[in-house]
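A quick write-up on the structure given underneath.
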Amino acid sequence: MRRNKKIFRVLALAGLVFATPGLVLSAPNVSAVTPSGARNPSYFQRAEGGIALFARNQGLFSLTAISLQAPQKTCGTVTVAAASDLADAMNEIVTNFEKATGCNVRVSVGSSGNFLTQIENGAPFDLFFSADIEYPKKLERDGLAAPGSTYLYAVGKIVLWVGNDSGLDVGKGFGALRDPSVRKIAIANPLHAPYGRAAQEALRKSGMYEEVKDRLVLGENISQTAQFVESGNAQAGILALSLALAPSLKQKGRYWAIPENLYAPLEQGAVVLRGAQNPRGARLLIEYIKSPGATSLLERYGFSLPRGEKRR
Amino acid sequence: MSIEVAIEKKTADFHLAVEFTADSIPMGLLGPSGSGKSMTLRAIAGLETPDSGRIVLHGRVLFDSSRRINVPARARRVGLLFQNYALFPHLTVAENVAFGLRKLKGDDRARRANRQLTAMHIDHLASRYPATLSGGEQQRVALARAMAVEPSALLLDEPFSALDTHLRGALERQLRETLQSYKGSTLFVSHNLEEAYRICGELVVLSDGRVAAHGSKEEIFRHPPTLEVARLTGCKNFSRSLRAADGRVEALDWGSSLRVTQPFAQTPAHVAIRAHHVRVRPSEIASAERGENTFPCWLAAITETPFRVTLDLRIGGPPSSPGDFHVQAEVFKPEWDSFRNLPQPWTVELSADRLFLLPD
Amino acid sequence: MNWQAIRLSLELAGSVAGILLVAGLPIAYWVTFSRWRWKFLVEAIVALPLVLPPTVLGYYILAGLGPRNLPGKIWQSWFGQPLPFTFGGLLVASVLYSLPFAVQPISAGFESVDRRLIEASWTLGASPLATFFRVILPLSTAGVVTGMVLSFAHTIGEFGVVLMVGGNIPGVTRTVSIDIYDQVQAGNYDAANRTALLLLFFSFLVLSIVYGMNRRALSLWRKP
């Protein structure tokens, strides 16, 4: 019995030793101090966002937060779930927001459908920027967001994209996909990614779907879709315009804007979640999205903006 | 029909350097554990490669380091018998025995295998599996298996040590029967002297990786060339010695002067006698009747085995402790009973023709 | 119930187990019996997939073997299309990823064969190849079977690599693990649950049968 106690103590100590770096790293200041000016929501941060929230919910975080916070922070940390098509745009917006307000924002980027499921199962985000306004509305109906609080922040667009080394003439539109060199066409998974649904819809409406359906490869989210084409494994892809205009892809290929009558508009909605730990900070961010600075940034990324303030 | 071995092999803590020749008379390889007996056998079988040397079997060169010849084990036609039999557990006895006969056609194979099974008296076990057999039966199967391929040499690596004592006799008889008709060379490794003596005609005694003695068994036992060989062949009584006047030998540790029949030119370093050659008799013999090399003795300690006793005797005076003795005598129990209760001192005789002189 | 995905997963796992049987035996043999002083390096390489997350392999196949890089270009010239998004791609990835799950149990099985049996076989005239088939292999069936079962099971459960390089093509790369993931993401919990339960039950059945059969083999030839 005594030996078991000793082993238990050793294991507990080892556990503490290994857990401490995790806790320390998930403290807000550490992640804010990234060397480059633009923050890149790396996988690490996306994962750490989860850990940080978890730790915070356990009450441990508050202690470390108090000890590690710089003196003037009054806003705290805002955790955001953002659709993949917002990846680069959100980066810029958040950097500006942080400078303006002194808040700290942790962004997790992924497929909207993925986030919906997670939030429905209790994932503790403050704010959800979905690529499909239906998802926040569903959260409202399920009582996970205040009714009528969804804000239509942008309307997305899809484009047909090929890399620079492709010989295709994207000006031909979908007709270019008939070229025999196009063996694989990447779209996001229509089952749960809004941009994938729009891509499928556009292909159907243009009558191209039957011709291309055997050559489709599905990305889990629009980012992975972009990566499939960018790496050359797919010869063409239907991507979000915001990604095509993003610094990471801009110089690497060319695109054809898919006519908007071929697909239902990609209304993108944002909502503050009921379970938010920092509702004040979240509302600040929503207000900031409506500001001229943010809206012109969104336009630069190819998003259309709602006329006036649309609610519901 | 002979095998010539002259090899050297060095490992981290051992240096083997042996050289000997064996013909169709079974040859025993004796020596303490770690003296290189197994390594020598394995080198001959091709399971170890010596650093240098030659191995020639029936005129076939199996290994020659200077000519870079190293015939692989499977082509050497050397049969090896292991201490733990090494029977294939997933094959029947018959399949085990026929294992090396793949090259023969079905009929020939069956015939040869059956011949071996009959010769070893195990035909009734043909379809059994090794795990169901006794130790003795397993060793017979191993022998049958080795003999079935008609090897040019048969190497036995302590084949009986894993057997119960009462089974060894039967196996030994079987082996001797088999060896009688076997034309190849036989090497028998053992650390049991009596066994080796019974089965073999010639002996090689290894010590620390080197050949300490090599010759007929009688010669080696009667006239061991060195102190160590004498010890390895079971001699227990040694005394430092000096040359004395008139051809006698002064045994310093025994405090006696002895006459020996073995001629010697230089001063022998030790004189020795085997325990069963030491004769002990009750003391009724008056000093006048005492022959040469006969002395009064006292008993220091006694060790009993089932049929014999070993007496630790002190010559010349009573012992001060059980460890204070000069020679050990081995006496059969009936004889022992005849004088054990008679008063001491008794008489001990170290016959002149049983003493042997050792140069080292 | 997505029978196509289930069939695909079974095909993939079966092919991987089959390939690793043929490829794993010589590798395991070399690992067990070679006396090369740098053998430990090869052992480390074989064991890599145990330690690395599947995303590493996925990355290398996607980017490293993609058409932009030399190895990918070579591959493409041989096979006409890049490795990702093909069943062949999943096959290659799964074989690499399950390699240690096959090699290590097989090697352990070989190791358990008494060396003296191998030596006896040699002295009786059998070549190393004959010795392998007549002595070593029959006595290490337990290890071989374990290796095959583990590679099969591990491939059924393969998710990370398939997610990265599969492209989710129905009937080609949409394995059952991806299908379940998609159903969950789309909120179709019932469908996901049905498929998951079926997979759970089937795997348990297969494993029980194999381990039950193996037990007999294990007990027969345990070393004394």
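Within each chain, counting starts at residue 1; across the structure tokens, chains are named A, B, ... in the order shown, with ligands numbered 1 upward in that order.
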
Residues of segment 75-272 of chain A in strand (DSSP E or B), written as a PyMOL selection string
chain A and resi 77-83+104-110+127-129+145+151-156+158-163+185-188+216-219+236-240+253-257+266-272

Using only C-alpha atoms, tabulate the residues of chain B lying at most 9 Å from any atom of chain C, each with its closest atom pair and that distance in Å to one decimal, by chain and increasing residue number, as a Markdown table.
| residue | atom | partner | partner_atom | distance |
| --- | --- | --- | --- | --- |
| B:Ala45 | CA | C:Thr123 | CA | 6.9 |
| B:Gly46 | CA | C:Thr123 | CA | 8.1 |
| B:Leu47 | CA | C:Glu119 | CA | 7.1 |
| B:Pro72 | CA | C:Trp122 | CA | 8.7 |
| B:Ala73 | CA | C:Thr123 | CA | 5.6 |
| B:Arg74 | CA | C:Gly125 | CA | 4.0 |
| B:Ala75 | CA | C:Gly125 | CA | 6.1 |
| B:Arg76 | CA | C:Thr123 | CA | 7.6 |
| B:Arg77 | CA | C:Thr123 | CA | 7.0 |
| B:Val78 | CA | C:Thr123 | CA | 6.3 |
| B:Gly79 | CA | C:Thr123 | CA | 6.1 |
| B:Leu80 | CA | C:Thr123 | CA | 6.7 |
| B:Leu81 | CA | C:Ala120 | CA | 8.2 |
| B:Phe82 | CA | C:Arg116 | CA | 8.0 |
| B:Asn84 | CA | C:Arg116 | CA | 8.8 |
| B:Tyr85 | CA | C:Arg116 | CA | 8.9 |
| B:Ala86 | CA | C:Leu117 | CA | 5.3 |
| B:Leu87 | CA | C:Leu117 | CA | 6.9 |
| B:Phe88 | CA | C:Leu117 | CA | 6.6 |
| B:Pro89 | CA | C:Trp221 | CA | 6.6 |
| B:His90 | CA | C:Leu139 | CA | 7.1 |
| B:Phe99 | CA | C:Leu124 | CA | 7.2 |
| B:Gly100 | CA | C:Leu124 | CA | 4.8 |
| B:Leu101 | CA | C:Leu124 | CA | 8.3 |
| B:Arg102 | CA | C:Ala126 | CA | 8.6 |
| B:Ala131 | CA | C:Trp221 | CA | 8.9 |
| B:Arg145 | CA | C:Leu124 | CA | 8.3 |
| B:Ala146 | CA | C:Leu124 | CA | 7.1 |
| B:Val149 | CA | C:Leu124 | CA | 7.1 |
| B:Pro151 | CA | C:Leu124 | CA | 8.9 |

Output N, CA and C atoms for every residue in that selection, as a PDB file, in the first residue's frame.
ATOM      1  N   ALA B  45      30.982 -27.782 -37.102  1.00  0.00           N
ATOM      2  CA  ALA B  45      29.677 -27.916 -37.759  1.00  0.00           C
ATOM      3  C   ALA B  45      29.400 -26.755 -38.699  1.00  0.00           C
ATOM      4  N   GLY B  46      30.139 -25.670 -38.559  1.00  0.00           N
ATOM      5  CA  GLY B  46      29.915 -24.524 -39.435  1.00  0.00           C
ATOM      6  C   GLY B  46      29.001 -23.475 -38.835  1.00  0.00           C
ATOM      7  N   LEU B  47      28.689 -23.610 -37.548  1.00  0.00           N
ATOM      8  CA  LEU B  47      27.806 -22.634 -36.909  1.00  0.00           C
ATOM      9  C   LEU B  47      28.576 -21.451 -36.355  1.00  0.00           C
ATOM     10  N   PRO B  72      29.459 -23.563 -46.091  1.00  0.00           N
ATOM     11  CA  PRO B  72      28.346 -23.293 -45.183  1.00  0.00           C
ATOM     12  C   PRO B  72      27.878 -24.560 -44.478  1.00  0.00           C
ATOM     13  N   ALA B  73      27.266 -24.388 -43.326  1.00  0.00           N
ATOM     14  CA  ALA B  73      26.898 -25.521 -42.471  1.00  0.00           C
ATOM     15  C   ALA B  73      26.085 -26.557 -43.230  1.00  0.00           C
ATOM     16  N   ARG B  74      25.191 -26.087 -44.090  1.00  0.00           N
ATOM     17  CA  ARG B  74      24.276 -27.045 -44.704  1.00  0.00           C
ATOM     18  C   ARG B  74      24.976 -27.961 -45.703  1.00  0.00           C
ATOM     19  N   ALA B  75      26.194 -27.562 -46.107  1.00  0.00           N
ATOM     20  CA  ALA B  75      26.869 -28.407 -47.087  1.00  0.00           C
ATOM     21  C   ALA B  75      27.964 -29.261 -46.470  1.00  0.00           C
ATOM     22  N   ARG B  76      28.123 -29.195 -45.149  1.00  0.00           N
ATOM     23  CA  ARG B  76      29.259 -29.856 -44.536  1.00  0.00           C
ATOM     24  C   ARG B  76      29.018 -31.323 -44.253  1.00  0.00           C
ATOM     25  N   ARG B  77      27.759 -31.738 -44.200  1.00  0.00           N
ATOM     26  CA  ARG B  77      27.427 -33.126 -43.877  1.00  0.00           C
ATOM     27  C   ARG B  77      28.011 -33.515 -42.536  1.00  0.00           C
ATOM     28  N   VAL B  78      27.777 -32.652 -41.582  1.00  0.00           N
ATOM     29  CA  VAL B  78      28.193 -32.926 -40.219  1.00  0.00           C
ATOM     30  C   VAL B  78      26.926 -33.009 -39.367  1.00  0.00           C
ATOM     31  N   GLY B  79      26.778 -34.113 -38.642  1.00  0.00           N
ATOM     32  CA  GLY B  79      25.601 -34.255 -37.789  1.00  0.00           C
ATOM     33  C   GLY B  79      25.904 -33.714 -36.408  1.00  0.00           C
ATOM     34  N   LEU B  80      24.948 -32.961 -35.856  1.00  0.00           N
ATOM     35  CA  LEU B  80      25.169 -32.361 -34.542  1.00  0.00           C
ATOM     36  C   LEU B  80      24.046 -32.760 -33.611  1.00  0.00           C
ATOM     37  N   LEU B  81      24.415 -33.240 -32.438  1.00  0.00           N
ATOM     38  CA  LEU B  81      23.411 -33.602 -31.444  1.00  0.00           C
ATOM     39  C   LEU B  81      23.496 -32.612 -30.306  1.00  0.00           C
ATOM     40  N   PHE B  82      22.379 -31.985 -29.980  1.00  0.00           N
ATOM     41  CA  PHE B  82      22.391 -30.928 -28.968  1.00  0.00           C
ATOM     42  C   PHE B  82      22.012 -31.485 -27.602  1.00  0.00           C
ATOM     43  N   ASN B  84      19.817 -30.263 -25.620  1.00  0.00           N
ATOM     44  CA  ASN B  84      18.374 -30.248 -25.412  1.00  0.00           C
ATOM     45  C   ASN B  84      17.636 -30.815 -26.615  1.00  0.00           C
ATOM     46  N   TYR B  85      18.292 -31.642 -27.367  1.00  0.00           N
ATOM     47  CA  TYR B  85      17.731 -32.415 -28.478  1.00  0.00           C
ATOM     48  C   TYR B  85      17.339 -31.571 -29.698  1.00  0.00           C
ATOM     49  N   ALA B  86      16.787 -30.368 -29.499  1.00  0.00           N
ATOM     50  CA  ALA B  86      16.401 -29.509 -30.623  1.00  0.00           C
ATOM     51  C   ALA B  86      15.523 -30.228 -31.638  1.00  0.00           C
ATOM     52  N   LEU B  87      14.534 -30.961 -31.174  1.00  0.00           N
ATOM     53  CA  LEU B  87      13.602 -31.596 -32.105  1.00  0.00           C
ATOM     54  C   LEU B  87      12.579 -30.565 -32.552  1.00  0.00           C
ATOM     55  N   PHE B  88      12.108 -30.669 -33.794  1.00  0.00           N
ATOM     56  CA  PHE B  88      11.132 -29.710 -34.316  1.00  0.00           C
ATOM     57  C   PHE B  88       9.766 -30.028 -33.711  1.00  0.00           C
ATOM     58  N   PRO B  89       9.253 -29.117 -32.877  1.00  0.00           N
ATOM     59  CA  PRO B  89       8.031 -29.449 -32.134  1.00  0.00           C
ATOM     60  C   PRO B  89       6.795 -29.567 -33.009  1.00  0.00           C
ATOM     61  N   HIS B  90       6.842 -28.976 -34.194  1.00  0.00           N
ATOM     62  CA  HIS B  90       5.647 -28.980 -35.024  1.00  0.00           C
ATOM     63  C   HIS B  90       5.628 -30.165 -35.999  1.00  0.00           C
ATOM     64  N   PHE B  99      13.701 -35.157 -41.915  1.00  0.00           N
ATOM     65  CA  PHE B  99      13.860 -33.742 -42.242  1.00  0.00           C
ATOM     66  C   PHE B  99      14.990 -33.479 -43.217  1.00  0.00           C
ATOM     67  N   GLY B 100      16.115 -34.164 -43.034  1.00  0.00           N
ATOM     68  CA  GLY B 100      17.275 -33.854 -43.872  1.00  0.00           C
ATOM     69  C   GLY B 100      17.283 -34.619 -45.168  1.00  0.00           C
ATOM     70  N   LEU B 101      16.206 -35.375 -45.444  1.00  0.00           N
ATOM     71  CA  LEU B 101      16.223 -36.267 -46.593  1.00  0.00           C
ATOM     72  C   LEU B 101      15.416 -35.709 -47.747  1.00  0.00           C
ATOM     73  N   ARG B 102      15.202 -34.377 -47.770  1.00  0.00           N
ATOM     74  CA  ARG B 102      14.366 -33.797 -48.808  1.00  0.00           C
ATOM     75  C   ARG B 102      14.824 -34.150 -50.221  1.00  0.00           C
ATOM     76  N   ALA B 131       6.813 -33.353 -28.019  1.00  0.00           N
ATOM     77  CA  ALA B 131       6.431 -32.905 -26.677  1.00  0.00           C
ATOM     78  C   ALA B 131       5.844 -34.035 -25.842  1.00  0.00           C
ATOM     79  N   ARG B 145      17.626 -38.802 -36.344  1.00  0.00           N
ATOM     80  CA  ARG B 145      17.551 -37.711 -37.311  1.00  0.00           C
ATOM     81  C   ARG B 145      18.928 -37.352 -37.846  1.00  0.00           C
ATOM     82  N   ALA B 146      19.904 -37.320 -36.926  1.00  0.00           N
ATOM     83  CA  ALA B 146      21.261 -36.954 -37.359  1.00  0.00           C
ATOM     84  C   ALA B 146      21.855 -38.050 -38.235  1.00  0.00           C
ATOM     85  N   VAL B 149      20.867 -38.687 -42.342  1.00  0.00           N
ATOM     86  CA  VAL B 149      21.490 -38.034 -43.499  1.00  0.00           C
ATOM     87  C   VAL B 149      22.877 -38.594 -43.788  1.00  0.00           C
ATOM     88  N   PRO B 151      25.907 -38.626 -42.143  1.00  0.00           N
ATOM     89  CA  PRO B 151      26.922 -37.581 -42.093  1.00  0.00           C
ATOM     90  C   PRO B 151      28.324 -38.164 -42.080  1.00  0.00           C
TER      91      PRO B 151
END

Compile the contact shell of segment 54-58 of chain C as an MDAnalysis selection string: residues with an atom at most 9 Å away, counting only C-alpha atoms, same-chain residues fewer than 3 positions apart removed.
chainID C and resid 49 61:63 93 96:97 158:165

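The list of chain C residues within 9 Å of chain A is Leu62, Ala63, Gly66, Pro67, Arg68, Gln81, Pro82, Leu83, Pro84, Phe85, Leu163, Met164, Val165, Gly166, Gly167, Asn168, Ile169, Asp182, Gln183, Val184, Gln185, Ala186 and Gly187 of chain C; this uses only C-alpha atoms.
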
Within 12 Å of Pro306 of chain B, counting only C-alpha atoms, which residues qualify if same-chain residues fewer than 4 places away don't, as a list in words?
Thr310, Val331, Phe332, Lys333 and Pro334 of chain B

Tell me which protein, DNA and RNA residues are within 7 Å of Ala257 of chain A, counting only C-alpha atoms, leaving out same-chain ones fewer than 2 positions away, and put them as a PyMOL selection string.
chain A and resi 158-160+255+259

Please, could you write that set of residues out with C-alpha atoms as a JSON list (two decimals), in the first residue's frame?
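That gives us part_5.json:
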[["chain", "number", "residue", "atom", "x", "y", "z"],
["A", 158, "ILE", "CA", -17.24, 31.64, -55.19],
["A", 159, "VAL", "CA", -14.73, 31.57, -58.01],
["A", 160, "LEU", "CA", -13.18, 29.00, -60.29],
["A", 255, "TYR", "CA", -9.78, 33.00, -61.21],
["A", 259, "PRO", "CA", -22.04, 34.27, -62.07]]

Taking 4 positions as the minimum chain separation for residues in the same chain, which residues sit within 9 Å of Thr294 of chain B when counting only C-alpha atoms? Answer as a PyMOL selection string.
chain B and resi 258+290+347-351

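Residue neighbourhood of Glu211 of chain A, excluding near-sequence residues (fewer than 6 positions): Phe174, Gly175, Ala176, Leu177, Arg178, Asp179, Pro180, Val182, Arg183, Ile185, Leu203 and Arg204 of chain A, at 12 Å, using only C-alpha atoms.
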
Same residues, N, CA and C atoms, output as a compact mmCIF listing (two decimals), in the first residue's frame:
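Saved file again_2.txt follows:
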# COMPACT_ATOMS: atom_id res chain seq x y z
N PHE A 174 -16.78 27.58 -66.70
CA PHE A 174 -16.84 26.15 -66.42
C PHE A 174 -16.45 25.31 -67.62
N GLY A 175 -16.58 25.90 -68.80
CA GLY A 175 -16.19 25.16 -69.99
C GLY A 175 -14.74 24.71 -69.95
N ALA A 176 -13.93 25.47 -69.24
CA ALA A 176 -12.51 25.10 -69.15
C ALA A 176 -12.32 23.75 -68.48
N LEU A 177 -13.31 23.37 -67.70
CA LEU A 177 -13.17 22.10 -66.97
C LEU A 177 -13.26 20.91 -67.91
N ARG A 178 -13.68 21.14 -69.14
CA ARG A 178 -13.79 20.03 -70.08
C ARG A 178 -12.42 19.56 -70.54
N ASP A 179 -11.43 20.42 -70.38
CA ASP A 179 -10.08 20.10 -70.84
C ASP A 179 -9.60 18.79 -70.21
N PRO A 180 -9.04 17.89 -71.02
CA PRO A 180 -8.62 16.59 -70.48
C PRO A 180 -7.53 16.67 -69.41
N VAL A 182 -7.63 18.40 -66.89
CA VAL A 182 -8.25 18.59 -65.58
C VAL A 182 -8.73 17.23 -65.08
N ARG A 183 -7.89 16.59 -64.29
CA ARG A 183 -8.24 15.26 -63.81
C ARG A 183 -8.99 15.33 -62.49
N ILE A 185 -11.00 18.03 -59.70
CA ILE A 185 -11.53 19.36 -59.40
C ILE A 185 -11.89 19.38 -57.92
N LEU A 203 -22.50 24.28 -60.16
CA LEU A 203 -22.21 23.29 -61.19
C LEU A 203 -23.49 22.69 -61.74
N ARG A 204 -24.45 22.42 -60.84
CA ARG A 204 -25.70 21.84 -61.28
C ARG A 204 -26.45 22.80 -62.19

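The gap separating atom CA of Gln268 of chain A from atom CA of Glu134 of chain A is 8.4 Å, in Å to one decimal.
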
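Between atom CA of Asn164 of chain A and atom CA of Arg254 of chain A the interatomic distance comes to 6.7 Å.
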
Could you give me, as a PyMOL selection string, each residue of segment 55-270 of chain B that DSSP assigns to alpha helix (DSSP H) when run on this structure's backbone?
chain B and resi 93-97+106-119+135-148+165-181+193-199+217-222+227-232

Distance atom CA of Ala130 of chain C-atom CA of Asp107 of chain B, one decimal place?
21.2 Å
